[in-house]
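Heads up, data_13.cif below (mmCIF, C-alpha atoms):
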data_target
loop_
_atom_site.label_atom_id
_atom_site.label_comp_id
_atom_site.auth_asym_id
_atom_site.auth_seq_id
_atom_site.Cartn_x
_atom_site.Cartn_y
_atom_site.Cartn_z
CA MET A 1 0.00 0.00 0.00
CA THR A 2 2.86 2.36 0.68
CA GLY A 3 5.52 1.01 -1.63
CA TRP A 4 4.46 3.02 -4.68
CA ARG A 5 4.46 6.43 -3.06
CA ARG A 6 6.51 9.00 -4.90
CA SER A 7 9.20 11.02 -3.21
CA SER A 8 8.24 14.62 -2.80
CA THR A 9 10.33 17.24 -4.53
CA PRO A 10 12.62 19.40 -2.35
CA ARG A 11 11.08 22.44 -0.72
CA PRO A 12 12.32 25.87 -1.81
CA SER A 13 15.18 27.17 0.29
CA LYS A 14 14.70 29.76 3.03
CA THR A 15 16.78 32.17 0.91
CA ARG A 16 14.29 31.90 -1.93
CA ARG A 17 11.34 32.52 0.40
CA ARG A 18 13.07 35.57 1.91
CA ALA A 19 13.66 36.92 -1.60
CA ALA A 20 10.00 36.51 -2.50
CA PHE A 21 9.01 38.24 0.74
CA THR A 22 11.38 41.18 0.14
CA SER A 23 10.25 41.56 -3.46
CA ALA A 24 6.60 41.68 -2.39
CA VAL A 25 7.31 44.39 0.19
CA ALA A 26 9.27 46.44 -2.33
CA ALA A 27 6.31 46.25 -4.68
CA GLY A 28 4.15 47.89 -2.03
CA MET A 29 2.11 44.83 -0.99
CA SER A 30 1.37 44.61 2.73
CA LEU A 31 1.67 41.05 3.90
CA VAL A 32 -0.87 39.70 6.37
CA ALA A 33 -0.03 36.72 8.55
CA GLY A 34 -1.60 33.53 7.21
CA CYS A 35 -2.88 35.13 3.98
CA GLY A 36 0.13 36.58 2.12
CA VAL A 37 -1.79 39.62 0.81
CA LEU A 38 -4.56 41.89 1.97
CA PRO A 39 -8.09 40.53 1.50
CA GLY A 40 -9.51 41.73 -1.77
CA ASP A 41 -6.16 41.96 -3.59
CA THR A 42 -6.19 40.58 -7.10
CA GLY A 43 -3.87 37.68 -6.38
CA GLY A 44 -1.35 35.99 -4.13
CA SER A 45 2.41 36.43 -4.16
CA ARG A 46 3.08 32.74 -4.85
CA GLU A 47 2.37 30.36 -7.68
CA PRO A 48 -1.33 29.62 -8.33
CA VAL A 49 -2.72 26.26 -7.23
CA THR A 50 -4.91 24.35 -9.68
CA VAL A 51 -7.26 21.60 -8.48
CA MET A 52 -10.24 19.74 -9.92
CA THR A 53 -13.64 18.76 -8.57
CA PHE A 54 -15.77 16.34 -10.59
CA ALA A 55 -19.27 14.94 -10.10
CA PRO A 56 -22.21 13.75 -12.21
CA GLU A 57 -24.62 16.39 -13.49
CA GLU A 58 -27.69 16.24 -15.73
CA THR A 59 -27.70 12.44 -15.93
CA LYS A 60 -30.62 10.00 -15.72
CA ALA A 61 -29.18 8.49 -12.53
CA THR A 62 -27.34 10.09 -9.59
CA ASN A 63 -26.59 13.81 -9.88
CA MET A 64 -24.40 15.84 -7.51
CA PRO A 65 -24.11 19.32 -9.10
CA GLY A 66 -23.88 20.99 -5.69
CA MET A 67 -20.39 19.59 -5.19
CA MET A 68 -18.98 21.42 -8.20
CA ALA A 69 -20.93 24.57 -7.33
CA MET A 70 -19.54 24.45 -3.77
CA ALA A 71 -16.01 24.10 -5.14
CA LYS A 72 -16.42 27.23 -7.29
CA ALA A 73 -17.88 29.15 -4.34
CA TYR A 74 -14.86 28.11 -2.26
CA GLU A 75 -12.57 29.33 -5.05
CA ARG A 76 -14.22 32.76 -5.07
CA TRP A 77 -14.08 32.94 -1.27
CA ALA A 78 -10.42 31.94 -1.11
CA ASP A 79 -9.32 34.37 -3.79
CA ALA A 80 -11.33 37.20 -2.21
CA ARG A 81 -9.13 36.68 0.86
CA GLY A 82 -5.91 36.85 -1.13
CA GLY A 83 -5.73 33.14 -1.95
CA ILE A 84 -4.52 30.32 0.29
CA ASP A 85 -1.24 31.24 1.95
CA GLY A 86 -0.56 33.61 -0.95
CA HIS A 87 -1.56 31.13 -3.70
CA ASP A 88 -4.44 31.97 -6.01
CA LEU A 89 -6.82 29.00 -6.17
CA ARG A 90 -7.98 27.79 -9.57
CA VAL A 91 -10.79 25.22 -9.51
CA ILE A 92 -11.60 23.19 -12.62
CA THR A 93 -14.93 21.36 -12.61
CA CYS A 94 -15.80 18.33 -14.70
CA ASN A 95 -19.07 16.46 -15.29
CA GLU A 96 -18.19 12.77 -15.01
CA GLY A 97 -21.58 11.82 -16.46
CA ASN A 98 -22.11 8.92 -14.06
CA THR A 99 -20.09 6.61 -16.32
CA PRO A 100 -16.71 4.85 -15.92
CA GLN A 101 -15.43 6.54 -19.08
CA GLY A 102 -16.56 9.94 -17.88
CA ALA A 103 -14.78 9.52 -14.54
CA ALA A 104 -11.57 8.48 -16.29
CA ASN A 105 -11.86 11.40 -18.72
CA CYS A 106 -12.17 13.87 -15.86
CA ALA A 107 -9.05 12.42 -14.26
CA ARG A 108 -7.11 12.69 -17.52
CA ARG A 109 -8.23 16.30 -17.85
CA ALA A 110 -6.96 16.99 -14.33
CA VAL A 111 -3.56 15.64 -15.39
CA LYS A 112 -3.56 17.67 -18.61
CA GLU A 113 -4.43 20.93 -16.84
CA GLY A 114 -1.76 20.53 -14.17
CA ALA A 115 -4.01 19.93 -11.16
CA VAL A 116 -2.08 19.31 -7.94
CA ALA A 117 -5.04 17.44 -6.43
CA VAL A 118 -8.59 16.29 -7.13
CA VAL A 119 -10.74 17.52 -4.25
CA GLY A 120 -14.24 16.78 -2.94
CA SER A 121 -15.44 14.75 -5.91
CA TYR A 122 -18.05 12.06 -6.55
CA SER A 123 -18.08 8.94 -8.67
CA GLN A 124 -19.34 5.45 -8.06
CA TYR A 125 -16.71 4.24 -10.54
CA GLY A 126 -13.07 3.90 -9.53
CA SER A 127 -11.80 4.31 -13.09
CA PHE A 128 -10.53 7.79 -12.23
CA MET A 129 -7.81 6.49 -9.90
CA ALA A 130 -5.49 4.92 -12.49
CA PRO A 131 -4.82 8.19 -14.40
CA LEU A 132 -4.34 10.05 -11.11
CA GLU A 133 -1.96 7.41 -9.78
CA ALA A 134 0.06 7.47 -13.00
CA ALA A 135 0.52 11.23 -12.59
CA GLY A 136 1.00 11.10 -8.81
CA ILE A 137 -2.04 13.33 -8.15
CA PRO A 138 -3.70 12.89 -4.73
CA PHE A 139 -7.45 12.40 -4.42
CA ILE A 140 -8.66 14.29 -1.32
CA GLY A 141 -12.05 13.81 0.26
CA GLY A 142 -14.11 11.90 -2.27
CA TYR A 143 -17.71 11.09 -1.43
CA GLY A 144 -16.81 7.50 -0.58
CA MET A 145 -18.80 5.62 -3.24
CA SER A 146 -16.03 3.70 -5.03
CA GLY A 147 -13.86 1.00 -3.51
CA GLU A 148 -10.70 2.57 -4.91
CA GLU A 149 -11.17 5.55 -2.59
CA PHE A 150 -10.41 3.25 0.33
CA THR A 151 -7.59 1.24 -1.27
CA SER A 152 -5.51 3.57 -3.47
CA TYR A 153 -2.29 4.84 -1.94
CA LEU A 154 -3.10 8.33 -3.31
CA SER A 155 -6.60 8.56 -1.84
CA TYR A 156 -7.22 10.53 1.35
CA PRO A 157 -10.87 9.99 2.37
CA VAL A 158 -12.52 12.31 4.90
CA ASN A 159 -15.33 9.91 5.83
CA GLY A 160 -15.86 6.16 6.07
CA GLY A 161 -18.01 5.99 2.96
CA GLN A 162 -21.03 3.75 2.64
CA PRO A 163 -19.42 0.93 4.70
CA ALA A 164 -19.28 3.13 7.81
CA LEU A 165 -22.84 4.39 7.24
CA VAL A 166 -24.39 0.92 6.91
CA ALA A 167 -22.41 -0.49 9.85
CA GLY A 168 -23.46 2.54 11.88
CA ASN A 169 -27.07 2.13 10.79
CA GLY A 170 -27.05 -1.33 12.35
CA ARG A 171 -25.73 0.14 15.59
CA GLN A 172 -28.40 2.85 15.50
CA LEU A 173 -31.30 0.46 14.90
CA ALA A 174 -30.22 -2.20 17.41
CA ASP A 175 -31.75 -0.36 20.37
CA TYR A 176 -34.99 0.69 18.69
CA CYS A 177 -36.17 -2.18 16.50
CA ALA A 178 -37.60 -5.62 17.22
CA GLY A 179 -36.69 -6.77 13.72
CA VAL A 180 -34.95 -5.17 10.74
CA SER A 181 -35.41 -5.58 6.98
CA LEU A 182 -32.64 -4.31 4.72
CA VAL A 183 -33.59 -3.35 1.17
CA ARG A 184 -30.42 -3.19 -0.88
CA PRO A 185 -29.18 -3.49 -4.50
CA ASP A 186 -29.06 -6.95 -6.01
CA SER A 187 -25.34 -6.64 -6.83
CA ILE A 188 -21.91 -7.63 -5.57
CA ASN A 189 -21.57 -4.30 -3.78
CA GLY A 190 -25.01 -4.80 -2.28
CA ASP A 191 -23.93 -8.16 -0.86
CA ASP A 192 -21.45 -6.39 1.39
CA LEU A 193 -24.17 -4.23 2.94
CA VAL A 194 -25.89 -7.18 4.61
CA GLN A 195 -22.79 -8.18 6.55
CA LEU A 196 -22.07 -4.57 7.52
CA LEU A 197 -25.60 -3.98 8.83
CA ASN A 198 -25.64 -7.28 10.72
CA SER A 199 -22.26 -6.47 12.26
CA GLY A 200 -23.73 -3.21 13.54
CA LEU A 201 -26.80 -4.97 14.93
CA GLU A 202 -24.58 -7.49 16.70
CA GLU A 203 -22.33 -4.75 18.06
CA GLY A 204 -25.45 -3.19 19.51
CA SER A 205 -26.18 -6.43 21.41
CA ARG A 206 -28.66 -7.70 18.84
CA ASP A 207 -27.88 -11.24 17.70
CA ILE A 208 -30.77 -11.28 15.21
CA PRO A 209 -29.69 -10.80 11.58
CA SER A 210 -31.61 -8.55 9.24
CA ALA A 211 -34.00 -9.81 6.58
CA ASP A 212 -32.19 -9.41 3.26
CA ILE A 213 -34.47 -7.90 0.59
CA LEU A 214 -32.91 -7.69 -2.88
CA ALA A 215 -33.97 -4.97 -5.31
CA ALA A 216 -32.90 -3.73 -8.71
CA ASP A 217 -31.23 -0.34 -8.41
CA ASP A 218 -32.90 1.00 -11.57
CA ALA A 219 -36.52 -0.02 -10.99
CA THR A 220 -39.40 2.43 -11.30
CA GLU A 221 -41.42 0.88 -8.44
CA TYR A 222 -40.80 -1.51 -5.54
CA THR A 223 -44.23 -2.67 -4.39
CA GLU A 224 -43.29 -6.32 -3.95
CA GLN A 225 -40.06 -5.50 -2.11
CA ALA A 226 -41.97 -3.08 0.12
CA LYS A 227 -44.54 -5.76 1.04
CA GLN A 228 -41.82 -8.27 1.79
CA ALA A 229 -39.77 -5.81 3.84
CA ARG A 230 -42.75 -4.77 5.97
CA ARG A 231 -43.86 -8.32 6.58
CA ARG A 232 -40.44 -9.64 7.54
CA ALA A 233 -39.57 -6.68 9.78
CA ALA A 234 -42.63 -7.45 11.89
CA GLU A 235 -42.50 -11.25 11.87
CA PRO A 236 -43.00 -12.75 15.36
CA THR A 237 -40.38 -15.40 14.57
CA TRP A 238 -37.50 -12.92 14.92
CA THR A 239 -36.94 -13.93 18.52
CA SER A 240 -38.51 -16.20 21.12
CA THR A 241 -39.39 -13.08 23.15
CA ALA A 242 -40.92 -11.24 20.20
CA SER A 243 -44.40 -11.48 21.62
CA SER A 244 -43.34 -9.32 24.58
CA ASP A 245 -41.20 -6.94 22.53
CA THR A 246 -43.14 -3.70 22.10
CA ARG A 247 -40.58 -2.11 19.82
CA PRO A 248 -41.50 -1.57 16.16
CA GLY A 249 -40.12 -3.44 13.23
CA CYS A 250 -37.78 -1.35 11.10
CA VAL A 251 -37.30 -1.17 7.35
CA THR A 252 -34.02 0.38 6.19
CA ALA A 253 -33.10 0.98 2.56
CA ALA A 254 -29.80 1.82 0.88
CA LEU A 255 -30.61 2.18 -2.81
CA GLY A 256 -29.00 5.54 -3.57
CA ASP A 257 -31.27 7.72 -5.68
CA ARG A 258 -33.80 4.87 -5.92
CA THR A 259 -34.39 4.98 -2.16
CA GLU A 260 -37.01 7.67 -2.72
CA THR A 261 -38.76 5.39 -5.21
CA PHE A 262 -38.74 2.51 -2.73
CA PHE A 263 -40.23 4.52 0.11
CA ASP A 264 -42.84 5.95 -2.25
CA SER A 265 -43.92 2.37 -2.96
CA PHE A 266 -43.74 1.60 0.77
CA ARG A 267 -46.03 4.44 1.83
CA ARG A 268 -48.62 3.40 -0.77
CA LEU A 269 -49.11 0.01 0.86
CA PRO A 270 -52.53 -0.34 2.52
CA GLU A 271 -52.47 -0.25 6.31
CA ASP A 272 -52.28 -3.67 7.95
CA GLY A 273 -51.83 -2.78 11.62
CA ARG A 274 -48.09 -3.43 11.73
CA HIS A 275 -45.95 -0.97 13.71
CA ILE A 276 -43.06 -0.12 11.37
CA ARG A 277 -40.39 2.61 11.46
CA ILE A 278 -38.31 3.45 8.41
CA SER A 279 -34.59 4.16 8.21
CA SER A 280 -31.78 4.84 5.78
CA VAL A 281 -28.34 6.42 5.44
CA ILE A 282 -27.12 9.78 4.22
CA GLY A 283 -26.65 9.61 0.48
CA SER A 284 -29.83 7.62 0.11
CA VAL A 285 -31.91 10.01 2.24
CA GLY A 286 -31.00 13.57 3.21
CA GLN A 287 -32.64 16.86 4.10
CA PRO A 288 -33.31 17.84 0.46
CA LEU A 289 -35.29 14.61 -0.04
CA VAL A 290 -37.18 15.08 3.25
CA ASP A 291 -38.12 18.61 2.13
CA ARG A 292 -39.12 17.47 -1.35
CA THR A 293 -41.45 14.75 -0.04
CA GLY A 294 -43.48 16.87 2.36
CA GLY A 295 -41.27 17.58 5.37
CA ARG A 296 -43.00 16.79 8.66
CA LYS A 297 -46.09 15.61 6.77
CA GLY A 298 -44.07 13.37 4.50
CA PRO A 299 -43.10 9.68 4.69
CA PHE A 300 -39.76 10.31 6.39
CA GLU A 301 -41.10 11.91 9.56
CA GLY A 302 -39.67 9.87 12.44
CA ALA A 303 -37.13 8.07 10.25
CA TYR A 304 -33.76 7.02 11.68
CA ILE A 305 -30.85 8.24 9.53
CA THR A 306 -27.13 7.51 9.89
CA GLY A 307 -24.77 10.24 8.63
CA TRP A 308 -21.08 11.13 8.58
CA TYR A 309 -21.23 14.67 9.92
CA PRO A 310 -23.17 16.83 12.39
CA ASP A 311 -26.74 17.65 11.37
CA ALA A 312 -27.16 20.62 9.04
CA ASN A 313 -28.43 22.91 11.79
CA ASP A 314 -25.26 22.51 13.85
CA GLU A 315 -23.32 25.74 14.38
CA ARG A 316 -20.16 24.04 13.14
CA TRP A 317 -21.51 24.57 9.61
CA ASP A 318 -21.75 28.35 10.08
CA GLY A 319 -18.51 28.99 8.18
CA MET A 320 -19.71 27.05 5.15
CA ARG A 321 -23.13 28.69 5.21
CA LYS A 322 -21.49 32.14 5.30
CA VAL A 323 -19.39 31.30 2.24
CA VAL A 324 -22.44 29.99 0.37
CA THR A 325 -24.41 33.15 1.20
CA GLU A 326 -21.65 35.53 0.17
CA HIS A 327 -20.02 33.74 -2.76
CA ALA A 328 -22.50 31.33 -4.34
CA PHE A 329 -24.52 34.18 -5.88
CA HIS A 330 -27.87 32.47 -5.26
CA ASP A 331 -26.71 29.30 -7.04
CA ASP A 332 -29.64 26.97 -6.37
CA ARG A 333 -27.46 23.92 -7.00
CA ILE A 334 -25.98 24.37 -3.52
CA ASP A 335 -27.96 23.07 -0.56
CA PRO A 336 -25.91 23.39 2.66
CA ALA A 337 -27.81 20.38 4.03
CA ASP A 338 -26.65 18.13 1.18
CA ALA A 339 -23.95 15.61 2.15
CA GLY A 340 -22.13 16.12 -1.15
CA VAL A 341 -21.86 19.87 -0.56
CA GLN A 342 -20.73 19.23 3.00
CA THR A 343 -18.09 16.72 1.93
CA THR A 344 -16.74 19.18 -0.64
CA TRP A 345 -16.43 21.89 2.01
CA ILE A 346 -14.53 19.53 4.32
CA ALA A 347 -12.26 18.35 1.50
CA TYR A 348 -11.31 21.94 0.60
CA THR A 349 -10.73 22.65 4.28
CA VAL A 350 -8.19 19.80 4.23
CA LEU A 351 -6.55 21.23 1.11
CA GLU A 352 -6.29 24.67 2.72
CA ARG A 353 -4.71 23.26 5.89
CA VAL A 354 -2.14 21.28 3.90
CA ILE A 355 -1.14 24.24 1.73
CA ARG A 356 -0.62 26.40 4.80
CA ALA A 357 1.38 23.67 6.50
CA LEU A 358 3.66 23.34 3.45
CA ASP A 359 4.43 27.11 3.48
CA SER A 360 5.98 26.80 0.02
CA ASP A 361 6.16 29.10 -3.00
CA ALA A 362 5.23 26.16 -5.24
CA ILE A 363 2.66 23.49 -4.35
CA THR A 364 3.08 20.14 -6.12
CA PRO A 365 1.15 16.85 -6.00
CA GLY A 366 4.17 15.16 -4.45
CA ARG A 367 4.46 17.68 -1.64
CA ILE A 368 0.77 17.38 -0.78
CA SER A 369 0.77 13.57 -0.68
CA HIS A 370 4.08 13.47 1.20
CA ALA A 371 2.75 15.78 3.92
CA LEU A 372 -0.38 13.68 4.32
CA ASP A 373 1.53 10.39 4.26
CA GLN A 374 3.77 11.65 7.04
CA GLY A 375 0.76 12.01 9.32
CA LEU A 376 -0.01 15.74 9.15
CA GLU A 377 -2.99 16.26 11.46
CA VAL A 378 -5.83 18.21 9.88
CA THR A 379 -8.69 19.69 11.87
CA THR A 380 -11.99 20.53 10.24
CA ASP A 381 -13.52 22.85 12.84
CA GLY A 382 -15.22 19.93 14.54
CA LEU A 383 -17.08 18.69 11.46
CA THR A 384 -15.06 15.47 11.70
CA PRO A 385 -12.66 14.16 14.30
CA PRO A 386 -9.06 15.30 13.62
CA LEU A 387 -7.85 13.58 10.44
CA ARG A 388 -4.46 11.94 9.85
CA TRP A 389 -3.49 9.66 6.97
CA GLY A 390 -0.30 8.16 8.35
CA TYR A 391 -0.05 4.40 8.01
CA GLU A 392 -0.69 3.89 11.71
CA ASN A 393 -3.88 5.99 11.54
CA MET A 394 -5.62 3.80 8.97
CA LEU A 395 -8.25 1.24 9.85
CA GLY A 396 -6.57 -1.49 7.81
CA ALA A 397 -9.77 -3.48 7.27
CA PRO A 398 -9.82 -5.72 4.18
CA GLY A 399 -11.65 -3.93 1.36
CA TYR A 400 -11.26 -0.44 2.84
CA PRO A 401 -7.86 -0.18 4.54
CA ARG A 402 -7.48 3.60 4.12
CA ILE A 403 -10.46 4.63 6.25
CA VAL A 404 -9.14 7.06 8.87
CA ASN A 405 -12.46 8.60 9.93
CA ARG A 406 -14.35 5.75 11.57
CA SER A 407 -17.10 7.98 12.94
CA VAL A 408 -20.77 8.37 12.09
CA THR A 409 -23.62 10.40 13.56
CA PHE A 410 -27.11 9.24 14.49
CA GLN A 411 -29.94 11.47 13.34
CA VAL A 412 -33.73 11.36 13.25
CA VAL A 413 -36.34 13.31 11.28
CA ARG A 414 -38.37 15.47 13.70
CA ASP A 415 -40.83 18.10 12.47
CA GLY A 416 -39.43 17.64 8.98
CA ARG A 417 -35.80 18.31 9.96
CA LEU A 418 -32.87 15.97 10.35
CA VAL A 419 -31.64 16.53 13.90
CA ALA A 420 -29.06 14.86 16.10
CA GLN A 421 -30.34 11.81 17.93
CA GLY A 422 -27.34 11.29 20.19
CA LYS A 423 -24.17 12.97 21.34
CA ASP A 424 -21.72 13.80 18.58
CA PHE A 425 -19.74 11.05 16.84
CA VAL A 426 -20.03 7.27 17.21
CA ASP A 427 -16.91 5.22 16.41
CA VAL A 428 -17.75 2.17 14.24
CA GLY A 429 -14.16 1.04 13.66
CA THR A 430 -14.66 -2.19 15.61
CA THR A 431 -17.92 -2.84 13.77
CA LEU A 432 -16.18 -2.45 10.39
CA MET A 433 -13.36 -4.78 11.41
CA ASP A 434 -15.82 -7.40 12.64
CA ALA A 435 -17.75 -7.20 9.37
CA ALA A 436 -14.54 -7.65 7.39
#
Written as structure tokens, how would this file's structure read?
Amino acid sequence: MTGWRRSSTPRPSKTRRRAAFTSAVAAGMSLVAGCGVLPGDTGGSREPVTVMTFAPEETKATNMPGMMAMAKAYERWADARGGIDGHDLRVITCNEGNTPQGAANCARRAVKEGAVAVVGSYSQYGSFMAPLEAAGIPFIGGYGMSGEEFTSYLSYPVNGGQPALVAGNGRQLADYCAGVSLVRPDSINGDDLVQLLNSGLEEGSRDIPSADILAADDATEYTEQAKQARRRAAEPTWTSTASSDTRPGCVTAALGDRTETFFDSFRRLPEDGRHIRISSVIGSVGQPLVDRTGGRKGPFEGAYITGWYPDANDERWDGMRKVVTEHAFHDDRIDPADAGVQTTWIAYTVLERVIRALDSDAITPGRISHALDQGLEVTTDGLTPPLRWGYENMLGAPGYPRIVNRSVTFQVVRDGRLVAQGKDFVDVGTTLMDAA
């Protein structure tokens, strides 16, 4: 995992940095600690930094346009402050089209345009990693949908991806549900979700496995799966003490964009007297979907949701919301409650911290990856636990060894809003290892 890492190029000498500093002063530019130039100046005193953010947009499947819009807003905000440590920030965006070829094309474009990193991007296809690895370009803070994000030596994830969410969902439901039905894609990737959820249920002192309900991830309705999930979540055969268990049965679904379609089929089922709660994970259900389906009067009221970060109303998001208000220019693609937008903000926060730590006139892919590989600790203003990507900080679980953020958050929909259900972060590292 570490044998292919490239050596970073030497840092500029102190003499060169002093010369740049003196030249800037002579030119009449007042230097401000931590910024390099006064806020509002037209550019930094150091070489510009080019990065890329890619995501699918205007496709018939998953679309994450807010991630690219957030990246451009961050660019405007950074450059309005004089850049990052004196470096102008140039953000290239690319629509990966929700295809393997599109993801690879975006990566090749990043190489061609001299990007020093790909930041806060989304693709369910790992085809983008090979071109980035060939050019030595680090991938910082992807959404966590592709396996390569948790195996490539040049990937630096900021969350635990879908594995952490599903394992955490099992932990969340263990205390509240008499029985659990999992509705998941009928695919190889979907097969992993069953073991992850069951590991979470077991970790939460529930030795009853979930009912495994397979579903096509491109269907237009899920009536039969909904009937089966409801029936099996409430079966009295789950446990010998089921007759005295007053807790509801729970139906959880992880079908990505098709989760909305499943729960639409579920809510159309005629009442049969069963007490059922619904659940899902961020990425399949989020605040935008709750709003779109009726808020507190919609089907998700009372739903249990497992996420990566604090709920959208948490004050730790105030910095991001301020940037969106002042620099997104009413771009309706950006919803601060969207997990893709939030992940992009955190990924760019990591980039900013690394650039400042390097304190170099020139930022290169090798210098960024070397700093992260050496265990540079990055804080994200409490939106995640402190992040470090040194070898000893990685989870090391088969299938996703590079997870360094093992934490999830438990949320619930109350009065149409996703709110925190428990205290801060829950570590699911042990749950992930047990599942592996």
Once the PyMOL selection byres ((chain A and resi 98-114) around 10) is applied to the coordinates I shared, what remains selected? I want it as a JSON list (two decimals) with C-alpha atoms, in the frame of the given file.
[["chain", "number", "residue", "atom", "x", "y", "z"],
["A", 49, "VAL", "CA", -2.72, 26.26, -7.23],
["A", 50, "THR", "CA", -4.91, 24.35, -9.68],
["A", 51, "VAL", "CA", -7.26, 21.60, -8.48],
["A", 52, "MET", "CA", -10.24, 19.74, -9.92],
["A", 53, "THR", "CA", -13.64, 18.76, -8.57],
["A", 54, "PHE", "CA", -15.77, 16.34, -10.59],
["A", 55, "ALA", "CA", -19.27, 14.94, -10.10],
["A", 56, "PRO", "CA", -22.21, 13.75, -12.21],
["A", 57, "GLU", "CA", -24.62, 16.39, -13.49],
["A", 58, "GLU", "CA", -27.69, 16.24, -15.73],
["A", 59, "THR", "CA", -27.70, 12.44, -15.93],
["A", 60, "LYS", "CA", -30.62, 10.00, -15.72],
["A", 61, "ALA", "CA", -29.18, 8.49, -12.53],
["A", 62, "THR", "CA", -27.34, 10.09, -9.59],
["A", 63, "ASN", "CA", -26.59, 13.81, -9.88],
["A", 64, "MET", "CA", -24.40, 15.84, -7.51],
["A", 92, "ILE", "CA", -11.60, 23.19, -12.62],
["A", 93, "THR", "CA", -14.93, 21.36, -12.61],
["A", 94, "CYS", "CA", -15.80, 18.33, -14.70],
["A", 95, "ASN", "CA", -19.07, 16.46, -15.29],
["A", 96, "GLU", "CA", -18.19, 12.77, -15.01],
["A", 97, "GLY", "CA", -21.58, 11.82, -16.46],
["A", 115, "ALA", "CA", -4.01, 19.93, -11.16],
["A", 116, "VAL", "CA", -2.08, 19.31, -7.94],
["A", 117, "ALA", "CA", -5.04, 17.44, -6.43],
["A", 118, "VAL", "CA", -8.59, 16.29, -7.13],
["A", 122, "TYR", "CA", -18.05, 12.06, -6.55],
["A", 123, "SER", "CA", -18.08, 8.94, -8.67],
["A", 124, "GLN", "CA", -19.34, 5.45, -8.06],
["A", 125, "TYR", "CA", -16.71, 4.24, -10.54],
["A", 126, "GLY", "CA", -13.07, 3.90, -9.53],
["A", 127, "SER", "CA", -11.80, 4.31, -13.09],
["A", 128, "PHE", "CA", -10.53, 7.79, -12.23],
["A", 129, "MET", "CA", -7.81, 6.49, -9.90],
["A", 130, "ALA", "CA", -5.49, 4.92, -12.49],
["A", 131, "PRO", "CA", -4.82, 8.19, -14.40],
["A", 132, "LEU", "CA", -4.34, 10.05, -11.11],
["A", 133, "GLU", "CA", -1.96, 7.41, -9.78],
["A", 134, "ALA", "CA", 0.06, 7.47, -13.00],
["A", 135, "ALA", "CA", 0.52, 11.23, -12.59],
["A", 136, "GLY", "CA", 1.00, 11.10, -8.81],
["A", 137, "ILE", "CA", -2.04, 13.33, -8.15],
["A", 139, "PHE", "CA", -7.45, 12.40, -4.42],
["A", 364, "THR", "CA", 3.08, 20.14, -6.12],
["A", 365, "PRO", "CA", 1.15, 16.85, -6.00]]
Could you put an axis-aligned box around every listed atom of stretch 109-121 of chain A, padded by 3 Å on each side, and send me its centre and edge lengths in Å to one decimal, as lines of an AutoDock Vina configuration file?
center_x = -8.6
center_y = 17.8
center_z = -10.8
size_x = 19.7
size_y = 12.2
size_z = 21.7
Quiz item: When you draw a straight line from atom CA of A:Gly141 to atom CA of A:Gly416, how long is it in Å?
Solution: 29.0 Å
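Candidate residues A:Ala303, A:Pro288, A:Gly170, A:Pro385 were compared for distance to A:Asp332, and the nearest is A:Pro288, using all atoms listed in the file.
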Quiz prompt | Residue list as a ChimeraX atom specification for point (-36.7, -2.3, 4.9), cut-off 8 Å, all atoms listed in the file | solution = /A:180-183,213,226,229-230,233,250-253,278-279
Practice problem: Rounded to one decimal place, report the atom CA of A:Asp381-atom CA of A:Arg316 distance in Å. | Solution: 6.8 Å
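In this comparison, which uses only C-alpha atoms, the residue of A:Lys227, A:Arg406, A:Arg333, A:Arg417 approaching A:Pro65 most closely is A:Arg333.
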Self-check item: Test item: the PyMOL selection byres ((chain A and resi 320-326) around 7) resolved as an MDAnalysis selection string
Solution: chainID A and resid 73 77 317:319 327:329 336 345
Exercise. Report the distance between atom CA of A:Met433 and atom CA of A:Tyr400 in Å, rounded to one decimal place.
Key: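 Spanning atom CA of A:Met433 to atom CA of A:Tyr400 is a straight-line distance of 9.8 Å.
With distances taken over all atoms listed in the file, A:Thr306 is the one residue among A:His370, A:Ser187, A:Thr306, A:Asp272 lying closest to A:Pro163.
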Self-check item: 10 Å contact set for A:Asp192, all atoms listed in the file, chain neighbours under 5 positions out, as a ChimeraX atom specification
Solution: /A:163,166,184,187,197,435-436
I want to know what sits within 8 Å of stretch 388-394 of chain A, based on only C-alpha atoms, with residues of the same chain fewer than 2 positions away left out; could you give that as a short mmCIF file (atom, residue, chain, number, x, y, z; two decimals) with C-alpha atoms, in the coordinates of the input?
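Listing of selection_36.cif after writing:
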data_model
loop_
_atom_site.label_atom_id
_atom_site.label_comp_id
_atom_site.auth_asym_id
_atom_site.auth_seq_id
_atom_site.Cartn_x
_atom_site.Cartn_y
_atom_site.Cartn_z
CA TYR A 156 -7.22 10.53 1.35
CA LEU A 372 -0.38 13.68 4.32
CA ASP A 373 1.53 10.39 4.26
CA GLN A 374 3.77 11.65 7.04
CA GLY A 375 0.76 12.01 9.32
CA LEU A 376 -0.01 15.74 9.15
CA GLU A 377 -2.99 16.26 11.46
CA VAL A 378 -5.83 18.21 9.88
CA PRO A 386 -9.06 15.30 13.62
CA GLY A 396 -6.57 -1.49 7.81
CA PRO A 401 -7.86 -0.18 4.54
CA ARG A 402 -7.48 3.60 4.12
CA ILE A 403 -10.46 4.63 6.25
CA VAL A 404 -9.14 7.06 8.87
#
Quiz item: Which one of A:Ser280, A:Gln225, A:Gln172, A:Thr384 sits closest to A:Leu201 if you count all atoms listed in the file?
Solution: A:Gln172
